[in-house]
Amino acid sequence: MRLPGFEYSRPASLEEACGLLAEHKGEARILSGGTALLTYLGQRLLTPKYVISLRGISGLNYIDYDEANGLRIGALTSISDIVTSPVIRKRYPLLCQAAKGIGVPAIRYMGTVGGNLCLDTRCIYYNQSFFWRQVRSACFKRGGEACHAVKGGDRCHAVYQGDLAPVLLALDARVKLTRAGGERLLPLSELFTGKGEAPLSLEPEEILTEVQVPPLPKGSVGSYQKLRVREAMDFPLAGVAVVLSLDGEKVCHGARVVLGAVAPAPIRVTEVEGILPGREIRAEVIEEVAEAAFRKAHPVNNLSLEASYRRKMIRTLLKRAIERSLNLTRGAQS
């Protein structure tokens, strides 16, 4: 696929990149790893006048940790670096697990943490070639007034399918957004709008520059489970991230459960936080938690598998994530 015409810039500093974004007032796109953006350009899903590469900027590729403040990850850190980082493998193995399951080695080498978090939402009626899309009227995501996935739908149901966001939400992460003249820090949950046509709350002149993850409570374990057709390639069709704080007898003191790939944004299942604390995690408790997650998930038929099947699989994925988290606890005690 040939790319559309655009003006390419490779600024040498973050200040210069922010200045270019402010100058071009919403007509520019940021290029970090390029694994998603180049596909969108080739399909004419995006036709920006300017593309600004961050690859010439030093100081955005780092992994730092201290016991008081936790983990800091620069936005240009590659997915591969997350997988191989000794500190992440030791302190945040759940994040390492999720990163290891993204794409294939070439994608993990090129793709970045910031790029993965800022992925656009996807829909089988939208992520097609320019020629294919001409046979249908414009949907909400293309600026039209229809949803082809939900007959009579009054909003865009495109799905957020990133792998790192559900895990980082379960880890209570924050993100730093930088613009010319300032920056702001916000909970990762506030990065997502819940709107399929415009899923991110980033301002046109802002760049996501850092991810911050607090230290984990003592006894924390977790797992990320996802559904996809091809294990080595595909975006998740449903996903569950679980973080549990346990004592040696499987009594839960805290829990966070986040669903991915079933809505325009990752979904935190806050009901679980009222079910698990103070209880020993037995089979009947896991069933109760799985039912709460099932009630929270409402996917639609806009991906390659039926929505009803993806929703049912939320139960299975959650049970699997909890069981594997408990297995990690048993392994640590043996």
# chains A, B, ... in the order shown; residues from 1 in each chain; ligands from 1

$ residues_around --residues "Tyr8 (chain A)" --least-positions-apart "4" --cutoff "9 Å" --atoms "only C-alpha atoms" --output "list in words"
Lys49, Tyr50, Val51, Ile52 and Ser53 of chain A

$ write_last_selection --atoms "N, CA and C atoms" --output "compact mmCIF listing (two decimals), in the first residue's frame"
# COMPACT_ATOMS: atom_id res chain seq x y z
N LYS A 49 -1.35 15.97 7.32
CA LYS A 49 -0.45 16.79 6.50
C LYS A 49 0.99 16.70 7.00
N TYR A 50 1.14 16.38 8.29
CA TYR A 50 2.48 16.33 8.88
C TYR A 50 2.61 15.06 9.73
N VAL A 51 3.76 14.43 9.66
CA VAL A 51 4.11 13.31 10.53
C VAL A 51 5.38 13.69 11.28
N ILE A 52 5.31 13.63 12.61
CA ILE A 52 6.43 14.05 13.46
C ILE A 52 6.99 12.81 14.16
N SER A 53 8.21 12.45 13.82
CA SER A 53 8.85 11.28 14.42
C SER A 53 9.53 11.66 15.73

$ select_by_dssp --residues "region 112-160 of chain A" --states "helix (DSSP H, G or I)" --output "number ranges by chain"
A: 113-117, 130-133, 140-142

$ write_last_selection --atoms "N, CA, C and O atoms" --output "tab-separated table (two decimals), in the first residue's frame"
chain	number	residue	atom	x	y	z
A	113	VAL	N	6.03	1.53	24.22
A	113	VAL	CA	5.03	1.57	25.29
A	113	VAL	C	4.03	2.69	25.04
A	113	VAL	O	2.81	2.49	25.14
A	114	GLY	N	4.51	3.88	24.70
A	114	GLY	CA	3.61	4.99	24.43
A	114	GLY	C	2.70	4.72	23.25
A	114	GLY	O	1.50	5.02	23.29
A	115	GLY	N	3.24	4.14	22.19
A	115	GLY	CA	2.44	3.82	21.03
A	115	GLY	C	1.37	2.80	21.32
A	115	GLY	O	0.24	2.91	20.84
A	116	ASN	N	1.70	1.77	22.12
A	116	ASN	CA	0.72	0.75	22.46
A	116	ASN	C	-0.42	1.33	23.29
A	116	ASN	O	-1.59	0.99	23.08
A	117	LEU	N	-0.11	2.22	24.22
A	117	LEU	CA	-1.16	2.84	25.02
A	117	LEU	C	-2.06	3.75	24.18
A	117	LEU	O	-3.25	3.86	24.44
A	130	PHE	N	-9.21	1.54	1.71
A	130	PHE	CA	-9.99	2.67	1.22
A	130	PHE	C	-11.04	2.21	0.20
A	130	PHE	O	-12.20	2.62	0.24
A	131	PHE	N	-10.66	1.31	-0.70
A	131	PHE	CA	-11.58	0.80	-1.71
A	131	PHE	C	-12.76	0.07	-1.07
A	131	PHE	O	-13.91	0.27	-1.44
A	132	TRP	N	-12.47	-0.77	-0.07
A	132	TRP	CA	-13.53	-1.55	0.61
A	132	TRP	C	-14.54	-0.63	1.28
A	132	TRP	O	-15.74	-0.88	1.23
A	133	ARG	N	-14.04	0.43	1.92
A	133	ARG	CA	-14.92	1.31	2.69
A	133	ARG	C	-15.88	2.11	1.81
A	133	ARG	O	-16.90	2.61	2.30
A	140	PHE	N	-19.75	6.53	12.24
A	140	PHE	CA	-19.40	7.58	13.20
A	140	PHE	C	-17.89	7.83	13.23
A	140	PHE	O	-17.45	8.98	13.32
A	141	LYS	N	-17.11	6.78	13.13
A	141	LYS	CA	-15.66	6.93	13.23
A	141	LYS	C	-15.08	7.64	12.02
A	141	LYS	O	-14.00	8.23	12.09
A	142	ARG	N	-15.78	7.60	10.91
A	142	ARG	CA	-15.34	8.31	9.70
A	142	ARG	C	-16.05	9.66	9.55
A	142	ARG	O	-15.97	10.30	8.51

$ select_by_dssp --residues "region 59-199 of chain A" --states "strand (DSSP E)" --output "VMD selection string"
chain A and resid 63 to 66 70 to 74 174 to 179 182 to 187

$ atom_distance --atom1 "CA of Arg89 (chain A)" --atom2 "CA of Gln225 (chain A)"
17.4 Å

$ atom_distance --atom1 "CA of Leu208 (chain A)" --atom2 "CA of Thr178 (chain A)"
6.3 Å

$ closest_residue --among "A:Pro264, A:Gly182, A:Gly254, A:Gly219" --to "Ile207 (chain A)" --atoms "only C-alpha atoms"
A:Gly182

$ closest_residue --among "A:Tyr126, A:Phe192, A:Tyr309, A:Tyr62" --to "Gln43 (chain A)" --atoms "only C-alpha atoms"
A:Tyr126

$ residues_around --residues "region 256-261 of chain A" --least-positions-apart "3" --cutoff "6 Å" --atoms "only C-alpha atoms" --output "PyMOL selection string"
chain A and resi 159-161+166+170+237-243+266-269

$ write_last_selection --atoms "N, CA and C atoms" --output "CSV table (one decimal), in the first residue's frame"
chain,number,residue,atom,x,y,z
A,159,VAL,N,-13.6,-0.8,19.1
A,159,VAL,CA,-13.1,-1.5,20.3
A,159,VAL,C,-11.6,-1.1,20.5
A,160,TYR,N,-11.3,-0.8,21.8
A,160,TYR,CA,-9.8,-0.6,22.1
A,160,TYR,C,-9.2,-2.0,22.4
A,161,GLN,N,-8.1,-2.3,21.7
A,161,GLN,CA,-7.6,-3.6,21.7
A,161,GLN,C,-6.1,-3.7,22.2
A,166,PRO,N,-4.9,-2.5,29.9
A,166,PRO,CA,-5.6,-3.2,31.0
A,166,PRO,C,-4.7,-3.6,32.1
A,170,ALA,N,-4.7,-2.1,36.0
A,170,ALA,CA,-4.8,-3.0,37.1
A,170,ALA,C,-3.7,-2.7,38.1
A,237,LEU,N,-9.2,-10.3,21.3
A,237,LEU,CA,-10.6,-10.2,21.0
A,237,LEU,C,-11.4,-10.1,22.3
A,238,ALA,N,-10.7,-10.4,23.4
A,238,ALA,CA,-11.2,-10.2,24.8
A,238,ALA,C,-10.0,-10.4,25.7
A,239,GLY,N,-10.0,-9.7,26.8
A,239,GLY,CA,-8.8,-9.9,27.7
A,239,GLY,C,-9.2,-9.5,29.1
A,240,VAL,N,-8.5,-10.1,30.1
A,240,VAL,CA,-8.7,-9.9,31.5
A,240,VAL,C,-7.4,-9.7,32.2
A,241,ALA,N,-7.2,-8.6,32.9
A,241,ALA,CA,-6.0,-8.4,33.8
A,241,ALA,C,-6.5,-8.4,35.2
A,242,VAL,N,-5.7,-9.2,36.0
A,242,VAL,CA,-6.1,-9.4,37.4
A,242,VAL,C,-4.9,-9.1,38.3
A,243,VAL,N,-5.0,-8.3,39.3
A,243,VAL,CA,-4.0,-8.1,40.4
A,243,VAL,C,-4.6,-8.4,41.7
A,266,PRO,N,-10.7,0.3,28.1
A,266,PRO,CA,-10.6,-0.8,29.1
A,266,PRO,C,-11.6,-0.5,30.2
A,267,ILE,N,-12.1,-1.6,30.8
A,267,ILE,CA,-13.2,-1.5,31.8
A,267,ILE,C,-12.7,-2.0,33.1
A,268,ARG,N,-12.7,-1.2,34.1
A,268,ARG,CA,-12.3,-1.7,35.5
A,268,ARG,C,-13.6,-2.2,36.1
A,269,VAL,N,-13.5,-3.4,36.6
A,269,VAL,CA,-14.7,-4.1,37.3
A,269,VAL,C,-14.6,-3.7,38.8

$ closest_atom_pairs --of "region 143-193 of chain A" --to "region 69-85 of chain A" --cutoff "12 Å" --atoms "only C-alpha atoms" --output "CSV"
residue,atom,partner,partner_atom,distance
A:Asp163,CA,A:Ile79,CA,10.8
A:Leu164,CA,A:Ile79,CA,9.5
A:Leu168,CA,A:Leu71,CA,11.2
A:Leu171,CA,A:Leu71,CA,10.7
A:Asp172,CA,A:Gly70,CA,11.2
A:Ala173,CA,A:Leu71,CA,9.3
A:Arg174,CA,A:Arg72,CA,9.7
A:Val175,CA,A:Ala75,CA,9.4
A:Lys176,CA,A:Ala75,CA,9.3
A:Leu177,CA,A:Ala75,CA,10.1
A:Thr178,CA,A:Ala75,CA,11.2

$ closest_residue --among "A:Ile286, A:Leu60, A:Leu45, A:Met233" --to "Val272 (chain A)" --atoms "only C-alpha atoms"
A:Ile286

$ closest_residue --among "A:Ser245, A:Asn302, A:Gln134, A:Ser13" --to "Lys218 (chain A)" --atoms "only C-alpha atoms"
A:Ser245

$ atom_distance --atom1 "CA of Asp120 (chain A)" --atom2 "CA of Ala180 (chain A)"
23.6 Å

$ closest_residue --among "A:Ala106, A:Lys151, A:Pro217, A:Cys118" --to "Leu191 (chain A)" --atoms "only C-alpha atoms"
A:Cys118

$ closest_residue --among "A:Leu244, A:Met110, A:Ala292, A:Leu305" --to "Val229 (chain A)" --atoms "only C-alpha atoms"
A:Leu305
